[in-house]
Amino acid sequence: MKLTSIITIFMALILFSGCQTTQSQQKEKQRKLWEDSQSRRVVDIEQRLFELERSLALNKRQQDSLDRRLTVIENSMASTSGNYKSEVEALRKELNSVRGASDKKMNIIMDEMAKENQRILQSIRSSRGNTAYAQGYEHVVTSGESLSTIAREYKVTVDAIVEVNELANPNAIRVGQILFIPQ
């Protein structure tokens with residue numbers, strides 16, 4: 001009877017420890033999925049920024065072209081009659097319209113990007129389980145970086161970064177991963 005009780009207790013301990021491992025593995029898997037989604041959001045923002053820069057460069061070229069045309073007309077106006085006055089006014093209107101649209105687009109996009117960055121940072125901060133570090137920095141891992149180089153850069157210990165980010169394997173950070181660096 002005693003032997004059966006001991007075996008039952010021993011089996012329960014084995015099963016219980018297995019459940020903890022499974023729960024821990026599930027938590028780690030969920031954390032990695034969340035980090036991947038945050039990394040994808042950052043990549044999406046970078047892609048939108050690249051597209052914005054292309055659009056702004058095109059807009060700048062259009063403005064420069066209109067400016068050159070306007071200068072040519074103004075120079076020729078000085079030596080001829082008033083036939084060009086309406087054309088100059090039309091070009092000025094077009095140029096001002098393009099500039100206004102460009103400024104408006106830029107402001108809208110910058111506002112959207114600022115809001116998205118705020119959402120990402122809020123999401124990251126709210127997901128942090130350890131509140132011991134209330135202040136710090138967000139760091140996006142780049143190619144060739146390790147925890148030790150990041151720690152040196154911010155003048156903190158590797159252990160502090162591992163702890164606050166709940167990293168299961170400190171050697172398995174990846175490019176694009178967002179790390180919270182405590183102060």
# chains A, B, ... in the order shown; residues from 1 in each chain; ligands from 1
>>> closest_atom_pairs(of="stretch 89-159 of chain A", to="stretch 33-43 of chain A", cutoff="9 Å", atoms="only C-alpha atoms", output="JSON lines")
{"residue": "A:Glu116", "atom": "CA", "partner": "A:Arg41", "partner_atom": "CA", "distance": 8.8}
{"residue": "A:Asn117", "atom": "CA", "partner": "A:Val42", "partner_atom": "CA", "distance": 8.4}
{"residue": "A:Ile120", "atom": "CA", "partner": "A:Gln38", "partner_atom": "CA", "distance": 7.1}
{"residue": "A:Ser123", "atom": "CA", "partner": "A:Gln38", "partner_atom": "CA", "distance": 8.7}
{"residue": "A:Ile124", "atom": "CA", "partner": "A:Gln38", "partner_atom": "CA", "distance": 8.2}
{"residue": "A:Val140", "atom": "CA", "partner": "A:Ser39", "partner_atom": "CA", "distance": 8.7}
>>> closest_residue(among="A:Met110, A:Ala168, A:Leu70, A:Ile173", to="A:Glu53", atoms="only C-alpha atoms")
A:Met110
>>> atom_distance(atom1="atom CA of A:Ile73", atom2="atom CA of A:Lys104")
27.8 Å
>>> closest_residue(among="A:Gln47, A:Ser148, A:Thr142, A:Ser65", to="A:Leu95", atoms="only C-alpha atoms")
A:Ser65
>>> closest_residue(among="A:Ile45, A:Lys32, A:Ile181, A:Ser97", to="A:Lys115", atoms="only C-alpha atoms")
A:Ile45
>>> closest_residue(among="A:Ala114, A:Val156, A:Met106, A:Leu147", to="A:Asn169", atoms="only C-alpha atoms")
A:Leu147
>>> select_by_dssp(residues="stretch 21-165 of chain A", states="strand (DSSP E or B)", output="list in words")
Gly136, Tyr137, Glu138, His139 and Val140 of chain A
>>> residues_around(residues="A:Phe180", least_positions_apart="2", cutoff="8 Å", atoms="only C-alpha atoms", output="NGL selection string")
:A and (136-139 or 161 or 164-165 or 178 or 182)
>>> atom_distance(atom1="atom CA of A:Glu145", atom2="atom CA of A:Val162")
14.7 Å
>>> residues_around(residues="A:Arg69", least_positions_apart="3", cutoff="12 Å", atoms="only C-alpha atoms", output="PyMOL selection string")
chain A and resi 62-66+72-76+84+87-88+90-92+94-95
